[in-house]
$ cat run_9.cif   # mmCIF, C-alpha atoms and all ligand atoms
data_target
#
loop_
_atom_site.group_PDB
_atom_site.id
_atom_site.type_symbol
_atom_site.label_atom_id
_atom_site.label_comp_id
_atom_site.auth_asym_id
_atom_site.auth_seq_id
_atom_site.Cartn_x
_atom_site.Cartn_y
_atom_site.Cartn_z
ATOM 1 C CA MET P 1 -3.265 -0.199 -28.352
ATOM 2 C CA LYS P 2 -2.262 -3.660 -27.158
ATOM 3 C CA LYS P 3 -4.172 -4.853 -24.114
ATOM 4 C CA ILE P 4 -2.174 -6.270 -21.210
ATOM 5 C CA VAL P 5 -4.130 -7.959 -18.438
ATOM 6 C CA VAL P 6 -2.273 -8.448 -15.167
ATOM 7 C CA LEU P 7 -3.496 -10.776 -12.427
ATOM 8 C CA THR P 8 -1.813 -9.903 -9.143
ATOM 9 C CA GLY P 9 -1.749 -11.603 -5.767
ATOM 10 C CA ALA P 10 -0.248 -11.051 -2.333
ATOM 11 C CA GLY P 11 3.313 -11.624 -3.624
ATOM 12 C CA ILE P 12 3.371 -8.276 -5.436
ATOM 13 C CA SER P 13 2.875 -6.464 -2.126
ATOM 14 C CA ALA P 14 5.287 -8.666 -0.139
ATOM 15 C CA GLU P 15 8.261 -6.380 -0.769
ATOM 16 C CA SER P 16 6.199 -3.455 0.573
ATOM 17 C CA GLY P 17 6.049 -5.322 3.885
ATOM 18 C CA ILE P 18 2.585 -6.889 3.705
ATOM 19 C CA SER P 19 2.571 -10.597 4.570
ATOM 20 C CA THR P 20 1.306 -13.056 1.995
ATOM 21 C CA PHE P 21 -1.270 -15.650 3.064
ATOM 22 C CA ARG P 22 0.292 -19.041 2.403
ATOM 23 C CA ASP P 23 4.092 -18.537 2.555
ATOM 24 C CA SER P 24 5.756 -19.672 5.749
ATOM 25 C CA GLY P 25 4.916 -17.030 8.379
ATOM 26 C CA GLY P 26 1.986 -15.924 6.216
ATOM 27 C CA LEU P 27 -1.315 -14.569 7.545
ATOM 28 C CA TRP P 28 -3.178 -17.882 7.485
ATOM 29 C CA GLU P 29 -0.506 -19.395 9.718
ATOM 30 C CA LYS P 30 -1.226 -16.753 12.366
ATOM 31 C CA HIS P 31 -5.000 -16.587 12.066
ATOM 32 C CA ALA P 32 -7.555 -19.277 11.277
ATOM 33 C CA VAL P 33 -9.513 -18.432 8.142
ATOM 34 C CA GLU P 34 -12.705 -19.651 9.793
ATOM 35 C CA ASP P 35 -12.236 -17.237 12.733
ATOM 36 C CA VAL P 36 -11.780 -14.061 10.705
ATOM 37 C CA ALA P 37 -12.571 -14.440 7.012
ATOM 38 C CA THR P 38 -15.969 -16.074 6.650
ATOM 39 C CA PHE P 39 -19.532 -14.855 7.069
ATOM 40 C CA GLU P 40 -19.946 -17.382 9.900
ATOM 41 C CA ALA P 41 -17.028 -15.731 11.730
ATOM 42 C CA TRP P 42 -18.704 -12.343 11.314
ATOM 43 C CA LYS P 43 -21.931 -13.699 12.826
ATOM 44 C CA LYS P 44 -20.097 -15.434 15.680
ATOM 45 C CA ASN P 45 -17.564 -12.782 16.643
ATOM 46 C CA PRO P 46 -17.846 -9.546 14.656
ATOM 47 C CA HIS P 47 -15.482 -7.771 17.063
ATOM 48 C CA LEU P 48 -12.653 -10.167 16.223
ATOM 49 C CA VAL P 49 -13.337 -9.820 12.495
ATOM 50 C CA LEU P 50 -13.399 -6.009 12.712
ATOM 51 C CA GLU P 51 -10.163 -6.046 14.717
ATOM 52 C CA PHE P 52 -8.440 -8.356 12.202
ATOM 53 C CA TYR P 53 -9.226 -6.045 9.284
ATOM 54 C CA ASN P 54 -8.534 -2.916 11.344
ATOM 55 C CA GLN P 55 -5.021 -4.228 11.943
ATOM 56 C CA ARG P 56 -4.585 -4.961 8.216
ATOM 57 C CA ARG P 57 -5.820 -1.446 7.376
ATOM 58 C CA LYS P 58 -3.548 0.147 9.969
ATOM 59 C CA GLN P 59 -0.563 -1.677 8.459
ATOM 60 C CA LEU P 60 -1.585 -0.575 4.956
ATOM 61 C CA HIS P 61 -1.324 3.064 6.053
ATOM 62 C CA GLU P 62 2.280 2.410 7.105
ATOM 63 C CA VAL P 63 3.595 0.833 3.877
ATOM 64 C CA GLN P 64 4.347 2.120 0.392
ATOM 65 C CA PRO P 65 4.006 0.718 -3.141
ATOM 66 C CA ASN P 66 7.182 -0.978 -4.379
ATOM 67 C CA ALA P 67 9.083 -1.164 -7.677
ATOM 68 C CA ALA P 68 6.669 -3.782 -9.050
ATOM 69 C CA HIS P 69 3.578 -1.595 -8.516
ATOM 70 C CA PHE P 70 5.378 1.384 -10.053
ATOM 71 C CA ALA P 71 6.511 -0.679 -13.067
ATOM 72 C CA LEU P 72 2.874 -1.539 -13.870
ATOM 73 C CA ALA P 73 1.908 2.130 -13.644
ATOM 74 C CA GLU P 74 4.743 2.987 -16.052
ATOM 75 C CA LEU P 75 3.533 0.328 -18.497
ATOM 76 C CA GLU P 76 0.276 2.280 -18.921
ATOM 77 C CA LYS P 77 2.112 4.928 -20.923
ATOM 78 C CA TYR P 78 2.602 2.382 -23.713
ATOM 79 C CA PHE P 79 -0.157 -0.207 -23.385
ATOM 80 C CA ASP P 80 -3.778 -0.535 -22.371
ATOM 81 C CA VAL P 81 -3.119 -2.105 -18.962
ATOM 82 C CA GLN P 82 -5.916 -3.718 -16.977
ATOM 83 C CA ILE P 83 -5.008 -4.942 -13.508
ATOM 84 C CA VAL P 84 -7.139 -7.645 -11.944
ATOM 85 C CA THR P 85 -6.041 -8.006 -8.352
ATOM 86 C CA GLN P 86 -6.839 -10.468 -5.594
ATOM 87 C CA ASN P 87 -5.290 -7.997 -3.182
ATOM 88 C CA VAL P 88 -7.414 -5.887 -0.904
ATOM 89 C CA ASP P 89 -4.673 -3.277 -0.442
ATOM 90 C CA ASN P 90 -4.576 -0.033 -2.437
ATOM 91 C CA LEU P 91 -0.935 -0.127 -3.501
ATOM 92 C CA HIS P 92 -1.713 -0.327 -7.248
ATOM 93 C CA GLU P 93 -3.853 2.809 -6.917
ATOM 94 C CA ARG P 94 -1.188 4.603 -4.903
ATOM 95 C CA ALA P 95 1.485 3.710 -7.482
ATOM 96 C CA GLY P 96 -0.633 5.426 -10.149
ATOM 97 C CA SER P 97 -2.293 2.560 -12.045
ATOM 98 C CA LYS P 98 -5.689 3.618 -13.374
ATOM 99 C CA LYS P 99 -7.615 0.490 -14.357
ATOM 100 C CA ILE P 100 -7.836 -1.834 -11.371
ATOM 101 C CA LEU P 101 -10.482 -4.446 -10.740
ATOM 102 C CA HIS P 102 -10.522 -5.810 -7.192
ATOM 103 C CA LEU P 103 -11.749 -9.397 -7.049
ATOM 104 C CA HIS P 104 -11.684 -9.842 -3.285
ATOM 105 C CA GLY P 105 -12.781 -6.397 -2.139
ATOM 106 C CA GLU P 106 -10.977 -3.390 -0.722
ATOM 107 C CA LEU P 107 -9.586 -2.876 2.759
ATOM 108 C CA THR P 108 -10.189 0.879 2.675
ATOM 109 C CA LYS P 109 -13.943 0.466 2.159
ATOM 110 C CA SER P 110 -16.913 -0.686 4.218
ATOM 111 C CA ARG P 111 -20.242 -2.063 3.097
ATOM 112 C CA SER P 112 -23.766 -2.067 4.492
ATOM 113 C CA THR P 113 -24.967 -5.385 5.890
ATOM 114 C CA ILE P 114 -28.496 -4.875 4.558
ATOM 115 C CA ASP P 115 -27.783 -3.296 1.173
ATOM 116 C CA ASP P 116 -24.742 -4.495 -0.833
ATOM 117 C CA SER P 117 -24.846 -1.419 -3.040
ATOM 118 C CA LEU P 118 -23.991 0.905 -0.131
ATOM 119 C CA ILE P 119 -20.192 1.080 -0.057
ATOM 120 C CA TYR P 120 -18.238 3.748 1.802
ATOM 121 C CA ASN P 121 -14.627 4.895 2.130
ATOM 122 C CA ILE P 122 -13.253 4.319 5.616
ATOM 123 C CA GLU P 123 -11.601 7.418 7.023
ATOM 124 C CA GLY P 124 -8.472 6.436 8.964
ATOM 125 C CA TRP P 125 -7.860 2.801 9.854
ATOM 126 C CA GLU P 126 -10.697 1.832 12.140
ATOM 127 C CA LEU P 127 -14.118 0.395 11.360
ATOM 128 C CA LYS P 128 -16.035 0.123 14.629
ATOM 129 C CA TRP P 129 -18.921 -1.867 15.993
ATOM 130 C CA GLY P 130 -21.747 0.691 15.890
ATOM 131 C CA ASP P 131 -20.632 2.314 12.621
ATOM 132 C CA THR P 132 -23.723 2.179 10.456
ATOM 133 C CA CYS P 133 -24.832 2.779 6.888
ATOM 134 C CA GLU P 134 -27.401 5.434 5.968
ATOM 135 C CA LYS P 135 -30.146 2.838 6.500
ATOM 136 C CA GLY P 136 -28.971 2.248 10.043
ATOM 137 C CA SER P 137 -27.375 -1.191 9.737
ATOM 138 C CA GLN P 138 -23.894 -2.191 10.896
ATOM 139 C CA LEU P 139 -21.079 -1.735 8.372
ATOM 140 C CA ARG P 140 -18.834 -4.714 7.558
ATOM 141 C CA PRO P 141 -15.446 -4.757 5.838
ATOM 142 C CA HIS P 142 -15.846 -4.582 2.024
ATOM 143 C CA ILE P 143 -14.077 -7.915 1.646
ATOM 144 C CA VAL P 144 -15.086 -11.070 -0.210
ATOM 145 C CA TRP P 145 -14.864 -13.737 2.475
ATOM 146 C CA PHE P 146 -14.328 -17.446 1.911
ATOM 147 C CA GLY P 147 -17.566 -19.014 0.742
ATOM 148 C CA GLU P 148 -18.940 -15.744 -0.650
ATOM 149 C CA ALA P 149 -19.566 -14.995 -4.317
ATOM 150 C CA VAL P 150 -16.948 -13.114 -6.333
ATOM 151 C CA PRO P 151 -19.111 -10.688 -8.323
ATOM 152 C CA ASN P 152 -16.253 -9.236 -10.397
ATOM 153 C CA ILE P 153 -15.112 -12.589 -11.764
ATOM 154 C CA VAL P 154 -17.402 -12.355 -14.808
ATOM 155 C CA LEU P 155 -15.900 -9.020 -15.804
ATOM 156 C CA ALA P 156 -12.388 -10.336 -15.078
ATOM 157 C CA SER P 157 -12.826 -13.398 -17.290
ATOM 158 C CA GLU P 158 -14.052 -11.189 -20.157
ATOM 159 C CA MET P 159 -10.959 -9.025 -19.689
ATOM 160 C CA ALA P 160 -8.654 -12.061 -19.717
ATOM 161 C CA SER P 161 -10.312 -13.397 -22.865
ATOM 162 C CA LYS P 162 -9.579 -10.121 -24.705
ATOM 163 C CA ALA P 163 -5.945 -9.812 -23.580
ATOM 164 C CA ASP P 164 -3.053 -9.589 -26.063
ATOM 165 C CA VAL P 165 -0.602 -10.342 -23.247
ATOM 166 C CA LEU P 166 -1.322 -11.853 -19.820
ATOM 167 C CA MET P 167 0.814 -11.491 -16.718
ATOM 168 C CA VAL P 168 0.354 -13.343 -13.436
ATOM 169 C CA ILE P 169 2.321 -11.981 -10.501
ATOM 170 C CA GLY P 170 2.784 -13.208 -6.948
ATOM 171 C CA THR P 171 -0.118 -15.572 -6.471
ATOM 172 C CA SER P 172 -0.109 -19.197 -5.386
ATOM 173 C CA LEU P 173 -3.164 -19.750 -7.645
ATOM 174 C CA ASN P 174 -4.784 -21.640 -4.799
ATOM 175 C CA VAL P 175 -8.023 -19.719 -4.629
ATOM 176 C CA TYR P 176 -10.758 -20.098 -7.219
ATOM 177 C CA PRO P 177 -12.348 -18.605 -9.213
ATOM 178 C CA ALA P 178 -9.414 -16.146 -9.530
ATOM 179 C CA ALA P 179 -6.926 -18.960 -10.213
ATOM 180 C CA GLY P 180 -8.966 -20.050 -13.233
ATOM 181 C CA LEU P 181 -8.555 -16.716 -15.032
ATOM 182 C CA LEU P 182 -5.425 -17.859 -16.870
ATOM 183 C CA HIS P 183 -7.526 -20.348 -18.766
ATOM 184 C CA TYR P 184 -9.714 -17.619 -20.248
ATOM 185 C CA ALA P 185 -6.792 -16.079 -22.133
ATOM 186 C CA ALA P 186 -6.392 -17.093 -25.779
ATOM 187 C CA PRO P 187 -3.900 -19.991 -26.094
ATOM 188 C CA PHE P 188 -1.662 -18.162 -28.602
ATOM 189 C CA ILE P 189 -1.012 -14.966 -26.593
ATOM 190 C CA PRO P 190 2.207 -14.553 -24.593
ATOM 191 C CA LYS P 191 1.803 -15.216 -20.876
ATOM 192 C CA TYR P 192 4.241 -14.478 -18.070
ATOM 193 C CA LEU P 193 4.284 -15.777 -14.530
ATOM 194 C CA ILE P 194 6.489 -13.991 -12.004
ATOM 195 C CA ASP P 195 6.935 -15.715 -8.653
ATOM 196 C CA PRO P 196 10.097 -16.857 -6.835
ATOM 197 C CA ASP P 197 8.370 -20.164 -6.010
ATOM 198 C CA ALA P 198 6.754 -20.614 -9.396
ATOM 199 C CA ALA P 199 8.034 -24.171 -9.796
ATOM 200 C CA LEU P 200 5.611 -25.279 -7.096
ATOM 201 C CA TYR P 201 2.598 -24.725 -9.302
ATOM 202 C CA VAL P 202 3.069 -24.426 -13.012
ATOM 203 C CA PRO P 203 -0.296 -23.837 -14.651
ATOM 204 C CA GLN P 204 -0.893 -25.940 -17.751
ATOM 205 C CA VAL P 205 -1.356 -23.199 -20.322
ATOM 206 C CA LYS P 206 0.326 -22.561 -23.657
ATOM 207 C CA ASN P 207 2.980 -19.877 -24.313
ATOM 208 C CA LEU P 208 3.856 -19.420 -20.655
ATOM 209 C CA THR P 209 7.184 -17.883 -19.659
ATOM 210 C CA ILE P 210 8.076 -18.458 -16.030
ATOM 211 C CA ILE P 211 10.206 -15.857 -14.290
ATOM 212 C CA LYS P 212 11.371 -17.210 -10.948
ATOM 213 C CA GLN P 213 12.132 -13.893 -9.326
ATOM 214 C CA LYS P 214 10.662 -11.521 -6.801
ATOM 215 C CA ALA P 215 8.179 -9.124 -8.351
ATOM 216 C CA GLY P 216 10.331 -6.106 -7.449
ATOM 217 C CA ILE P 217 13.149 -7.487 -9.639
ATOM 218 C CA GLY P 218 11.379 -9.522 -12.320
ATOM 219 C CA LEU P 219 8.555 -7.135 -13.125
ATOM 220 C CA PRO P 220 10.539 -3.927 -13.793
ATOM 221 C CA ALA P 221 12.818 -6.003 -16.096
ATOM 222 C CA LEU P 222 9.856 -7.493 -17.989
ATOM 223 C CA VAL P 223 8.206 -4.075 -18.289
ATOM 224 C CA LYS P 224 11.429 -2.649 -19.677
ATOM 225 C CA ASP P 225 11.541 -5.409 -22.334
ATOM 226 C CA LEU P 226 7.880 -4.916 -23.270
ATOM 227 C CA ILE P 227 8.347 -1.162 -23.615
ATOM 228 C CA ALA P 228 11.481 -1.696 -25.753
ATOM 229 C CA SER P 229 9.619 -4.141 -28.033
ATOM 230 C CA HIS P 230 6.754 -1.648 -28.303
ATOM 231 C CA SER P 231 9.119 1.069 -29.550
ATOM 232 C CA ASN P 232 10.815 -1.217 -32.127
HETATM 233 N N1 LIG M 301 7.364 -11.440 -5.521
HETATM 234 C C1 LIG M 301 6.516 -12.256 -6.212
HETATM 235 N N2 LIG M 301 5.871 -13.284 -5.643
HETATM 236 C C2 LIG M 301 6.068 -13.507 -4.334
HETATM 237 C C3 LIG M 301 6.939 -12.702 -3.552
HETATM 238 C C4 LIG M 301 7.605 -11.631 -4.197
HETATM 239 N N3 LIG M 301 8.459 -10.822 -3.553
HETATM 240 N N4 LIG M 301 6.935 -13.180 -2.278
HETATM 241 C C5 LIG M 301 6.093 -14.228 -2.267
HETATM 242 N N5 LIG M 301 5.574 -14.438 -3.500
HETATM 243 C C6 LIG M 301 4.610 -15.449 -3.960
HETATM 244 C C7 LIG M 301 4.632 -16.749 -3.212
HETATM 245 O O1 LIG M 301 5.633 -17.609 -3.748
HETATM 246 C C8 LIG M 301 3.222 -17.273 -3.451
HETATM 247 O O2 LIG M 301 3.153 -18.064 -4.623
HETATM 248 O O3 LIG M 301 3.311 -14.913 -3.764
HETATM 249 C C9 LIG M 301 2.396 -15.996 -3.655
HETATM 250 C C10 LIG M 301 1.453 -15.662 -2.525
HETATM 251 O O4 LIG M 301 0.463 -16.667 -2.452
HETATM 252 P P1 LIG M 301 -0.713 -16.554 -1.384
HETATM 253 O O5 LIG M 301 -0.162 -16.204 -0.051
HETATM 254 O O6 LIG M 301 -1.527 -17.777 -1.506
HETATM 255 O O7 LIG M 301 -1.548 -15.251 -1.877
HETATM 256 P P2 LIG M 301 -2.636 -15.159 -3.030
HETATM 257 O O8 LIG M 301 -2.382 -16.124 -4.120
HETATM 258 O O9 LIG M 301 -2.750 -13.708 -3.384
HETATM 259 O O10 LIG M 301 -3.942 -15.576 -2.244
HETATM 260 C C11 LIG M 301 -5.174 -15.572 -2.907
HETATM 261 O O11 LIG M 301 -6.298 -16.105 -0.878
HETATM 262 O O12 LIG M 301 -6.693 -15.924 1.387
HETATM 263 C C12 LIG M 301 -7.021 -15.487 0.162
HETATM 264 O O13 LIG M 301 -8.343 -13.684 -0.297
HETATM 265 C C13 LIG M 301 -7.008 -14.012 -0.070
HETATM 266 O O14 LIG M 301 -6.688 -12.834 -2.136
HETATM 267 C C14 LIG M 301 -6.176 -13.853 -1.309
HETATM 268 C C15 LIG M 301 -6.288 -15.209 -1.960
#

$ encode --input "run_9.cif" --output "structure tokens"
Amino acid sequence: MKKIVVLTGAGISAESGISTFRDSGGLWEKHAVEDVATFEAWKKNPHLVLEFYNQRRKQLHEVQPNAAHFALAELEKYFDVQIVTQNVDNLHERAGSKKILHLHGELTKSRSTIDDSLIYNIEGWELKWGDTCEKGSQLRPHIVWFGEAVPNIVLASEMASKADVLMVIGTSLNVYPAAGLLHYAAPFIPKYLIDPDAALYVPQVKNLTIIKQKAGIGLPALVKDLIASHSN
């Protein structure tokens, strides 16, 4: 079965109603990264950090996957689809995709602050000061903050290097190491980039088709074409 690796970013969830980070009106315009998304912020004002992610989690409970998430789930019927997402939402899971690697963590989970291997599902939307792991230490959001290591990047680059087709959807490719994944794919394989603002940042890789559309339009159309070519 052909292997399709799909790198997704905030743009794929935009049509579900979740703000992106760097578009105008995006999250980093409303909040300073250094106040809410670094380990230093957590040490300085954990209440603000918890509140920021609680609000994100609350919003996630109110939105639904969109046509782009569902198209990727449909693609699994015909191809071996591996999603590598920078998103911390669970919309790929809720749309039915099975193989999802989260690079930047997951909003619906918490993690021990003394033992990285202790990860828990958060019931509801709130993680509170005083919520502790089984060893008694405060739980933090299971998010990779700026300046922290991205443990899943090694696995993700192996996946990209084995892809027969690579798709990149809704990411400004501003944040490394995720943005570098494209360069792990073999030069000869077909690559697709779906983003309405794609012209702003065209990665220098071979065999790249740029689809300047919203994910909810461009992705179902591409999936339809790939499925048709699979059946031919
Ligand atoms: N469909 C497809 N792409 C879209 C859509 C849409 N409907 N709407 C916006 N976009 C595109 C924008 O043009 C932009 O290129 O999505 C991209 C979003 O870019 P960013 O906001 O930078 O999000 P992302 O690339 O996922 O950010 C990477 O940065 O702050 C961190 O950890 C956070 O995982 C995140 C990382």

$ residues_around --input "run_9.cif" --residues "Ser112 of chain P" --least-positions-apart "2" --cutoff "10 Å" --atoms "only C-alpha atoms" --output "VMD selection string"
chain P and resid 110 114 to 120 131 to 142

$ resolve_selection --input "run_9.cif" --expression "the PyMOL selection byres (((not hetatm)) within 7 of (chain M and resi 301))" --output "PyMOL selection string"
chain P and resi 8-12+14-15+20-23+26+86-87+104+169-175+194-198+213-216

$ resolve_selection --input "run_9.cif" --expression "the PyMOL selection byres (((chain P and resi 103) around 7) and not hetatm)" --output "ChimeraX atom specification"
/P:84-86,101-102,104-105,150,152-153

$ atom_distance --input "run_9.cif" --atom1 "atom CA of Ala163 of chain P" --atom2 "atom CA of Leu75 of chain P"
14.8 Å

$ atom_distance --input "run_9.cif" --atom1 "atom CA of Val223 of chain P" --atom2 "atom CA of Thr108 of chain P"
28.3 Å

$ resolve_selection --input "run_9.cif" --expression "the PyMOL selection byres (((chain P and resi 78-83) around 6) and not hetatm)" --output "list of chain:residue names"
P:Met1, P:Lys2, P:Lys3, P:Ile4, P:Val5, P:Val6, P:Leu75, P:Glu76, P:Lys77, P:Val84, P:Lys99, P:Ile100

$ atom_distance --input "run_9.cif" --atom1 "atom CA of Gln64 of chain P" --atom2 "atom CA of Leu107 of chain P"
15.0 Å

$ residues_around --input "run_9.cif" --residues "Glu123 of chain P" --least-positions-apart "3" --cutoff "9 Å" --atoms "only C-alpha atoms" --output "PDB file with C-alpha atoms, keeping the file's coordinate frame"
ATOM      1  CA  THR P 108     -10.189   0.879   2.675  1.00  0.00           C
ATOM      2  CA  LYS P 109     -13.943   0.466   2.159  1.00  0.00           C
ATOM      3  CA  GLU P 126     -10.697   1.832  12.140  1.00  0.00           C
ATOM      4  CA  LEU P 127     -14.118   0.395  11.360  1.00  0.00           C
TER       5      LEU P 127
END

$ axis_aligned_box --input "run_9.cif" --around "segment 160-166 of chain P" --padding-each-side "6 Å" --output "lines of an AutoDock Vina configuration file"
center_x = -5.5
center_y = -11.5
center_z = -22.9
size_x = 21.7
size_y = 15.8
size_z = 18.3

$ closest_residue --input "run_9.cif" --among "P:Pro46, P:Gly147, P:Trp129, P:Leu7" --to "Met167 of chain P" --atoms "only C-alpha atoms"
P:Leu7

$ residues_around --input "run_9.cif" --residues "Val36 of chain P" --least-positions-apart "4" --cutoff "8 Å" --atoms "all atoms listed in the file" --output "list of chain:residue names"
P:His31, P:Ala32, P:Ala41, P:Trp42, P:Leu48, P:Val49, P:Phe52

$ closest_residue --input "run_9.cif" --among "P:Asp89, P:Glu34, P:Glu51, P:Glu40" --to "Ser16 of chain P" --atoms "only C-alpha atoms"
P:Asp89
